[in-house]
Each structure stands twice: as structure tokens, then as C-alpha cells.
Amino acid sequence: MKKANIIIDKSYIVGDVDKRIYGSFIEHLGRAVYEGIYQPELACADEQGLRKDTIDLVSELNVPIVRYPGGNFVSGYRWEDTVGPKEQRPSRVDLAWNVIETNQFGLNEFVDWARKAKSDVMMAVNLGTRGVLEAVDVLEYCNLKGGTRLSDLRISHGYQQPHNIKTWCLGNEMDGPWQVGHKTATEYGRIANEAAHAMKILDPSIELVACGSSGSRMPTFGDWENEVLSECYEHVDYISMHQYFGNQENNTPDFLASSVEMDDFIKNVVAICDFVQGKKHGKKQINISFDEWNVWYHSNEQDKKLEKWVKHPHQLEDVYNFEDALLVGSMLITLLRHADRVKMACLAQLVNVIAPIMTSDTGAWRQTIFYPFMHASNFGRGTVLNTIVKCPVYDSKYGDAPYIDSVVVDNTEAEELVIFAVNKDLTEDFEITLDMRQYAAYQVAEHIVLHHEDIKAENTQSNPDNVKPHTGGASRVENGILTAVLENKSWNVIRLKKN
């Protein structure tokens, strides 16, 4: 059996986990909203038409914040179309996804849904086809107590108390040529700065996310972050990062090594943020909102065949397999390794559209990627320890990739130490050791394993438990040393509790 050693010291920490790192994303795209979270004709819907089966599964994931309403959709978003009596709401063409948006589910309904899902809202404003005034208007509608036209309009719509949305995205992927209202870095930086300045005059308590480049492989990457932050550093709090991976070449080792690129991406953005701070002689540290991340490629070909200008088609409906779950686990570990700077993140998306949850008219089920996200969100709270993994590496298109990807979180409040680990070796198990003498009173309480012999195994409505975790992992603490076996191609959660 191959060997690996994990090294920690309780005095060497990365940073505290901001619970918003386990956020997600709902966009008006495909069946994410309609048939995903809202389907009033079903027996499982509540009095507002919200699917209770979806809310139950979202509650299992323990999602603290959800980004809304986009995504590319936001660059054509007219928030005022989405509030008030439904019979008066216009249907509009959505140029982002070439569909018809009915606006039967809107801003207020989403706030209601988020509350039922025990989640906060990360609201996005349209800086693609609109601007500063509209950004201030929607903030006034949402957050002012009353006494103005738009806050009183909200009250007339049945919402006496303000929504108090505290996190706002200043547009979406504005360097992308696909974006309606695409801008240069200077153009976007200026409008983001102006909108941020005005919004914080109205509500100084909010936090604002500026758009970073749409991905690490964009030709604009690097220069974009520098120019944008140089324009709006004084008024924003975060810069966004987006990254998706796929296995189009059907090369599982390279696919699982993708987290190496994600790690480098974060390091590079942090360096640029710190450069701008230094250049500005600033005291404020710009942190990261990694507000789109996931595996996305399975649905690409079928989406090319979709009919245009229809309502909520089956769009971006990736059916995830077991190897996708392993990479999602590694991506979560990567986010945690940078908990000092990554303070928010959004798995994109939450329901039906590249999502951990799928629905039909007769039920909802968990995709393979549901489980690592659920485990990290529920057990990955506390302080991330600087985690050194000594293990063999393999050659990938991203360079050397470690077979074992791992991070350790110390939850002092719960008196629990949690080890997250992925074994990327497709054929061989690993025995890992960890010196636990600083945690002398801790013993293994649970070792969760997600493993399947078929790397391409999927969960479907007819077979929803095909890929499912078990708690029979082999791990023990003896003489102050943790020894654990990580099965080949597996996601592991080892929870150690203080006696």
C-alpha cells in the first residue's frame, strides 16, 4: 500500500472559515427557477408555489448564501419587471440564454425562498445594459425601511420590513465577449466604482463584489483585475473569480489534477489584489468571492440543439458521475486551503442547472457532487490549519499533481478536528498518518467514504443511491498517531472528537 503523511500544527493556521464559502447560485437559466425551486402546480409545492422537496435537500447542504439572479442573465435584468402583481409582469426575451423570461418568479419570491431555505441573498445588479441609477434603485427597494417611492413600493407589494440584503455583485463576467454590455477593464472599473460609491452612500453596511476576469484562461486575466481594482479599490470589498472544469478528453488523471490550476489561479488573484493595495497605499485588504465554480461540460453538445425563445428549457443539465464528485471534493479542499482570502464562494448552480440537485415532476434527487459539498458545508466550519501533505505525485497537464489532496479544519467550538482528503490514485489505496499528539484527547468519531468502482457511475431518478457515502472507513488513533486507509479513487471525511 502506498504511504502519505499529513503534517499539522495547531499554532500554524491559514484562517477562519467564513461560512459563506459554502454558498451557491440560482440563475434564471434553464430549469433552475421554474421546475427547480418554483413549480406551483405540484403537490409538493407550498402556498407560494415553492418546491418543498428542493428546500429539504438545500437544507441538507446547509447553504448560507445564494447568488441571484445571475450570471449572464443579470446583464439584461430589469428588476422592476419582477415585482408587484404577477398578472402585470411582462414577459421578456433573455438575450443571455436565448429564452423567454415570464417574470412570474421575481425578487421578492426569491427572498421568501431564501428565508425558507435558511440562506442569505447575494444580489447582483445589472451593469451590462444598465447603470448606477438602477443599482441604487434596486438597493432602495430592498433595503430602505420606508418613506421613499421605491421603499414604499416594496411595502405596497406586501413586504413591510426591508429585505436587508448585505452582499451585492456589481455585474457579471464583464470581460466576456458573450456578455450583453461587455466592457473593457477601464469602462467596467469606472462604472463599478461609481455604482459602488452611490450604493454605499445609500447603505454603508453593504459589501460589494467587483467582477474579476471570467476565468484564468481569459486573455484579459491579470490585466483586468489590475485595471478594475485600480479604478474601484476604495469602494469594493471583494473581487470575483469563476472557474469550471471538464473532462472532454476523457483523461481522468488530468481531470482530477485540475485543482492544481485552481490553486494557482487563487494565488495569482491574491497577488494582484495585494499589488493594487500596495500601489494605492491602502489599508483595506481585498478578498475573494469565488462565486462560480463547478464541473461543466456534459451538457454542451445537447445544448447546441435547443430551440430558441422558449420558456425554461432543459438547459445546462449536466448529469454528474463519480469522478466529478472527486474533483468537486478537491475544489472544496482548494477553497479551504485559501480560507484567509477566499471568504465567499458559490457552487454554480444549485438545482437542475449544473447542480447537485435534480428535479422532475415526480421528485428530487441528489447528484454525485451533492455529497462532498454537503460534508464540507456541514463539517468544514472552524479554523483551517496549514496542512502539509507529503505523498507521491503524478505528471499531469498542470504539472506535478499530488495523489492525496487534503486539508484539516479545527472546530474548537465543537471540539472536533476534521480531515478532508481525496485519493486520486485510480487503482491503489493509500495509508496516511498524522501526528495527533497536540490533540491527545481526540479519537476517531466517524470516517465517511465516497467510493465507487466505476469512475463514471451516476445517480439518476431511477437509481438515486448508486453513488452514496458510507461510514465504514478504516482509521484509528494509537499512541498519538492517526492511521487511516484512503481507498483508491475516494473522497474521505475523518471526524475526530475530543473525549
# chains A, B, ... in the order shown; residues from 1 in each chain; ligands from 1
>>> closest_atom_pairs(of="stretch 126-199 of chain A", to="stretch 77-94 of chain A", cutoff="8 Å", atoms="only C-alpha atoms", output="Markdown table")
| residue | atom | partner | partner_atom | distance |
| --- | --- | --- | --- | --- |
| A:Asn126 | CA | A:Tyr77 | CA | 6.1 |
| A:Val138 | CA | A:Trp79 | CA | 7.0 |
| A:His157 | CA | A:Gly84 | CA | 5.5 |
>>> write_last_selection(atoms="C-alpha atoms", output="mmCIF file, in the first residue's frame")
data_model
loop_
_atom_site.group_PDB
_atom_site.id
_atom_site.type_symbol
_atom_site.label_atom_id
_atom_site.label_comp_id
_atom_site.auth_asym_id
_atom_site.auth_seq_id
_atom_site.Cartn_x
_atom_site.Cartn_y
_atom_site.Cartn_z
ATOM 1 C CA ASN A 126 -27.123 44.953 -13.932
ATOM 2 C CA VAL A 138 -32.977 48.207 -6.502
ATOM 3 C CA HIS A 157 -46.184 44.730 -2.546
#
>>> select_by_dssp(residues="stretch 314-442 of chain A", states="strand (DSSP E)", output="VMD selection string")
chain A and resid 342 to 347 357 to 360 363 to 366 383 to 385 388 to 390 393 to 396 399 to 402 404 to 411 416 to 423 430 to 435 442
>>> residues_around(residues="A:His314", least_positions_apart="4", cutoff="12 Å", atoms="only C-alpha atoms", output="list in words")
Leu29, Gly30, Arg31, Ala32, Val33, Tyr34, Glu35, Gly36, Trp97, Val99, Ser299, Asn300, Gln302, Asp303, Lys304, Lys305, Leu306, Glu307, Lys308, Val310, Asp318, Val319, Val351, Asn352, Val353, Ile354, Met358, Thr359 and Ser360 of chain A
>>> closest_residue(among="A:Val132, A:Gly282, A:Asp454, A:Ala355", to="A:His298", atoms="only C-alpha atoms")
A:Ala355
>>> closest_atom_pairs(of="stretch 267-369 of chain A", to="stretch 222-244 of chain A", cutoff="6 Å", atoms="only C-alpha atoms", output="CSV")
residue,atom,partner,partner_atom,distance
A:Ile286,CA,A:Tyr238,CA,5.3
A:Asn287,CA,A:Tyr238,CA,4.8
A:Ile288,CA,A:Tyr238,CA,5.1
A:Ser289,CA,A:Ser240,CA,4.7
A:Phe290,CA,A:Met241,CA,4.5
A:Glu292,CA,A:His242,CA,4.6
A:Trp293,CA,A:Gln243,CA,5.0
A:Asn294,CA,A:Tyr244,CA,5.1
A:Val295,CA,A:Tyr244,CA,5.3
A:Trp296,CA,A:Tyr244,CA,5.9
>>> write_last_selection(atoms="all heavy atoms", output="PDB file, in the first residue's frame")
ATOM      1  N   ILE A 286      -8.389  43.450  -0.110  1.00  0.00           N
ATOM      2  CA  ILE A 286      -9.433  42.938  -0.999  1.00  0.00           C
ATOM      3  C   ILE A 286      -9.408  41.415  -0.929  1.00  0.00           C
ATOM      4  O   ILE A 286      -8.382  40.782  -1.167  1.00  0.00           O
ATOM      5  CB  ILE A 286      -9.216  43.408  -2.447  1.00  0.00           C
ATOM      6  CG1 ILE A 286      -9.237  44.932  -2.548  1.00  0.00           C
ATOM      7  CG2 ILE A 286     -10.272  42.788  -3.375  1.00  0.00           C
ATOM      8  CD1 ILE A 286     -10.559  45.574  -2.225  1.00  0.00           C
ATOM      9  N   ASN A 287     -10.551  40.843  -0.594  1.00  0.00           N
ATOM     10  CA  ASN A 287     -10.666  39.392  -0.530  1.00  0.00           C
ATOM     11  C   ASN A 287     -11.397  38.857  -1.751  1.00  0.00           C
ATOM     12  O   ASN A 287     -11.792  39.614  -2.636  1.00  0.00           O
ATOM     13  CB  ASN A 287     -11.353  38.980   0.771  1.00  0.00           C
ATOM     14  CG  ASN A 287     -10.442  39.168   1.976  1.00  0.00           C
ATOM     15  OD1 ASN A 287      -9.241  38.883   1.909  1.00  0.00           O
ATOM     16  ND2 ASN A 287     -10.983  39.660   3.074  1.00  0.00           N
ATOM     17  N   ILE A 288     -11.578  37.550  -1.781  1.00  0.00           N
ATOM     18  CA  ILE A 288     -12.081  36.882  -2.986  1.00  0.00           C
ATOM     19  C   ILE A 288     -13.468  36.310  -2.753  1.00  0.00           C
ATOM     20  O   ILE A 288     -13.735  35.683  -1.726  1.00  0.00           O
ATOM     21  CB  ILE A 288     -11.108  35.772  -3.418  1.00  0.00           C
ATOM     22  CG1 ILE A 288      -9.808  36.393  -3.945  1.00  0.00           C
ATOM     23  CG2 ILE A 288     -11.730  34.857  -4.480  1.00  0.00           C
ATOM     24  CD1 ILE A 288      -8.693  35.403  -4.141  1.00  0.00           C
ATOM     25  N   SER A 289     -14.323  36.547  -3.728  1.00  0.00           N
ATOM     26  CA  SER A 289     -15.608  35.864  -3.816  1.00  0.00           C
ATOM     27  C   SER A 289     -15.537  34.930  -5.019  1.00  0.00           C
ATOM     28  O   SER A 289     -15.640  35.372  -6.162  1.00  0.00           O
ATOM     29  CB  SER A 289     -16.751  36.874  -3.990  1.00  0.00           C
ATOM     30  OG  SER A 289     -17.979  36.210  -4.221  1.00  0.00           O
ATOM     31  N   PHE A 290     -15.320  33.642  -4.765  1.00  0.00           N
ATOM     32  CA  PHE A 290     -15.206  32.652  -5.852  1.00  0.00           C
ATOM     33  C   PHE A 290     -16.634  32.222  -6.190  1.00  0.00           C
ATOM     34  O   PHE A 290     -17.058  31.106  -5.903  1.00  0.00           O
ATOM     35  CB  PHE A 290     -14.358  31.468  -5.400  1.00  0.00           C
ATOM     36  CG  PHE A 290     -13.554  30.839  -6.510  1.00  0.00           C
ATOM     37  CD1 PHE A 290     -12.190  30.653  -6.380  1.00  0.00           C
ATOM     38  CD2 PHE A 290     -14.164  30.450  -7.692  1.00  0.00           C
ATOM     39  CE1 PHE A 290     -11.438  30.076  -7.399  1.00  0.00           C
ATOM     40  CE2 PHE A 290     -13.434  29.878  -8.721  1.00  0.00           C
ATOM     41  CZ  PHE A 290     -12.057  29.698  -8.569  1.00  0.00           C
ATOM     42  N   GLU A 292     -18.488  31.539  -8.795  1.00  0.00           N
ATOM     43  CA  GLU A 292     -18.915  30.481  -9.732  1.00  0.00           C
ATOM     44  C   GLU A 292     -17.797  29.453  -9.802  1.00  0.00           C
ATOM     45  O   GLU A 292     -16.665  29.786 -10.162  1.00  0.00           O
ATOM     46  CB  GLU A 292     -19.213  31.016 -11.134  1.00  0.00           C
ATOM     47  CG  GLU A 292     -20.472  31.842 -11.240  1.00  0.00           C
ATOM     48  CD  GLU A 292     -20.861  32.172 -12.679  1.00  0.00           C
ATOM     49  OE1 GLU A 292     -20.579  31.346 -13.583  1.00  0.00           O
ATOM     50  OE2 GLU A 292     -21.422  33.250 -12.897  1.00  0.00           O
ATOM     51  N   TRP A 293     -18.129  28.214  -9.474  1.00  0.00           N
ATOM     52  CA  TRP A 293     -17.159  27.127  -9.623  1.00  0.00           C
ATOM     53  C   TRP A 293     -17.913  25.814  -9.721  1.00  0.00           C
ATOM     54  O   TRP A 293     -18.928  25.626  -9.085  1.00  0.00           O
ATOM     55  CB  TRP A 293     -16.168  27.088  -8.455  1.00  0.00           C
ATOM     56  CG  TRP A 293     -16.754  26.718  -7.123  1.00  0.00           C
ATOM     57  CD1 TRP A 293     -17.308  27.556  -6.201  1.00  0.00           C
ATOM     58  CD2 TRP A 293     -16.855  25.392  -6.572  1.00  0.00           C
ATOM     59  NE1 TRP A 293     -17.747  26.860  -5.106  1.00  0.00           N
ATOM     60  CE2 TRP A 293     -17.485  25.527  -5.300  1.00  0.00           C
ATOM     61  CE3 TRP A 293     -16.482  24.125  -7.010  1.00  0.00           C
ATOM     62  CZ2 TRP A 293     -17.751  24.422  -4.473  1.00  0.00           C
ATOM     63  CZ3 TRP A 293     -16.741  23.030  -6.192  1.00  0.00           C
ATOM     64  CH2 TRP A 293     -17.362  23.193  -4.936  1.00  0.00           C
ATOM     65  N   ASN A 294     -17.420  24.921 -10.547  1.00  0.00           N
ATOM     66  CA  ASN A 294     -18.027  23.589 -10.659  1.00  0.00           C
ATOM     67  C   ASN A 294     -17.381  22.842 -11.823  1.00  0.00           C
ATOM     68  O   ASN A 294     -16.492  23.348 -12.499  1.00  0.00           O
ATOM     69  CB  ASN A 294     -19.544  23.687 -10.869  1.00  0.00           C
ATOM     70  CG  ASN A 294     -20.283  22.434 -10.407  1.00  0.00           C
ATOM     71  OD1 ASN A 294     -19.688  21.387 -10.187  1.00  0.00           O
ATOM     72  ND2 ASN A 294     -21.586  22.535 -10.251  1.00  0.00           N
ATOM     73  N   VAL A 295     -17.875  21.635 -12.049  1.00  0.00           N
ATOM     74  CA  VAL A 295     -17.623  20.880 -13.277  1.00  0.00           C
ATOM     75  C   VAL A 295     -18.750  21.221 -14.245  1.00  0.00           C
ATOM     76  O   VAL A 295     -19.924  21.244 -13.870  1.00  0.00           O
ATOM     77  CB  VAL A 295     -17.605  19.364 -12.992  1.00  0.00           C
ATOM     78  CG1 VAL A 295     -17.515  18.568 -14.292  1.00  0.00           C
ATOM     79  CG2 VAL A 295     -16.459  19.011 -12.046  1.00  0.00           C
ATOM     80  N   TRP A 296     -18.390  21.489 -15.501  1.00  0.00           N
ATOM     81  CA  TRP A 296     -19.416  21.823 -16.502  1.00  0.00           C
ATOM     82  C   TRP A 296     -18.905  21.429 -17.877  1.00  0.00           C
ATOM     83  O   TRP A 296     -17.979  22.019 -18.385  1.00  0.00           O
ATOM     84  CB  TRP A 296     -19.738  23.324 -16.436  1.00  0.00           C
ATOM     85  CG  TRP A 296     -20.656  23.833 -17.515  1.00  0.00           C
ATOM     86  CD1 TRP A 296     -21.479  23.110 -18.321  1.00  0.00           C
ATOM     87  CD2 TRP A 296     -20.845  25.208 -17.884  1.00  0.00           C
ATOM     88  NE1 TRP A 296     -22.181  23.933 -19.176  1.00  0.00           N
ATOM     89  CE2 TRP A 296     -21.806  25.227 -18.925  1.00  0.00           C
ATOM     90  CE3 TRP A 296     -20.305  26.412 -17.428  1.00  0.00           C
ATOM     91  CZ2 TRP A 296     -22.233  26.422 -19.522  1.00  0.00           C
ATOM     92  CZ3 TRP A 296     -20.728  27.592 -18.027  1.00  0.00           C
ATOM     93  CH2 TRP A 296     -21.675  27.600 -19.049  1.00  0.00           C
TER      94      TRP A 296
END
>>> residues_around(residues="A:Ala45", least_positions_apart="2", cutoff="12 Å", atoms="only C-alpha atoms", output="VMD selection string")
chain A and resid 35 to 43 47 to 56 113 361 to 363
>>> residues_around(residues="stretch 167-169 of chain A", least_positions_apart="6", cutoff="6 Å", atoms="only C-alpha atoms", output="PyMOL selection string")
chain A and resi 122-124+206-209
>>> select_by_dssp(residues="stretch 146-211 of chain A", states="alpha helix (DSSP H)", output="list in words")
Arg149, Leu150, Ser151, Asp152, Leu153, Arg154, Ile155, Ser156, Ala185, Thr186, Glu187, Tyr188, Gly189, Arg190, Ile191, Ala192, Asn193, Glu194, Ala195, Ala196, His197, Ala198, Met199, Lys200, Ile201 and Leu202 of chain A
>>> residues_around(residues="A:Glu194", least_positions_apart="2", cutoff="10 Å", atoms="only C-alpha atoms", output="JSON list (two decimals) with C-alpha atoms, in the first residue's frame")
[["chain", "number", "residue", "atom", "x", "y", "z"],
["A", 131, "GLY", "CA", -26.01, 51.53, -14.67],
["A", 132, "VAL", "CA", -25.63, 53.49, -11.45],
["A", 133, "LEU", "CA", -29.20, 54.74, -11.09],
["A", 188, "TYR", "CA", -16.17, 48.45, -16.22],
["A", 189, "GLY", "CA", -13.88, 49.68, -13.45],
["A", 190, "ARG", "CA", -15.29, 53.19, -13.78],
["A", 191, "ILE", "CA", -18.97, 52.17, -13.69],
["A", 192, "ALA", "CA", -18.32, 49.68, -10.88],
["A", 196, "ALA", "CA", -20.29, 51.17, -5.53],
["A", 197, "HIS", "CA", -19.82, 54.75, -4.33],
["A", 198, "ALA", "CA", -23.52, 55.58, -4.76],
["A", 199, "MET", "CA", -24.75, 52.32, -3.24],
["A", 231, "GLU", "CA", -10.42, 52.10, -10.56],
["A", 232, "CYS", "CA", -12.68, 50.88, -7.74],
["A", 235, "HIS", "CA", -15.35, 51.29, -2.69]]
>>> residues_around(residues="A:Val493", least_positions_apart="3", cutoff="6 Å", atoms="only C-alpha atoms", output="NGL selection string")
:A and (419-420 or 447-448)
>>> write_last_selection(atoms="N, CA, C and O atoms", output="PDB file, in the first residue's frame")
ATOM      1  N   ILE A 419     -10.650  16.047   8.937  1.00  0.00           N
ATOM      2  CA  ILE A 419      -9.717  15.874   7.828  1.00  0.00           C
ATOM      3  C   ILE A 419     -10.526  15.586   6.567  1.00  0.00           C
ATOM      4  O   ILE A 419     -11.305  14.623   6.522  1.00  0.00           O
ATOM      5  N   PHE A 420     -10.367  16.434   5.556  1.00  0.00           N
ATOM      6  CA  PHE A 420     -10.941  16.174   4.243  1.00  0.00           C
ATOM      7  C   PHE A 420      -9.814  15.679   3.344  1.00  0.00           C
ATOM      8  O   PHE A 420      -8.729  16.284   3.314  1.00  0.00           O
ATOM      9  N   HIS A 447     -15.570   8.021  10.022  1.00  0.00           N
ATOM     10  CA  HIS A 447     -14.773   8.106   8.798  1.00  0.00           C
ATOM     11  C   HIS A 447     -15.721   7.843   7.633  1.00  0.00           C
ATOM     12  O   HIS A 447     -16.094   6.712   7.347  1.00  0.00           O
ATOM     13  N   ILE A 448     -16.113   8.940   6.964  1.00  0.00           N
ATOM     14  CA  ILE A 448     -17.049   8.874   5.834  1.00  0.00           C
ATOM     15  C   ILE A 448     -16.253   8.659   4.555  1.00  0.00           C
ATOM     16  O   ILE A 448     -15.224   9.306   4.331  1.00  0.00           O
TER      17      ILE A 448
END
>>> closest_residue(among="A:Ser330, A:Asn321, A:Asn62, A:Gln179", to="A:Ser119", atoms="only C-alpha atoms")
A:Asn62
>>> closest_residue(among="A:Tyr442, A:Phe322, A:Phe370, A:Tyr159", to="A:Leu426", atoms="only C-alpha atoms")
A:Phe322
>>> closest_residue(among="A:Ala339, A:Val66, A:Ile201, A:Ile404", to="A:Lys118", atoms="only C-alpha atoms")
A:Val66
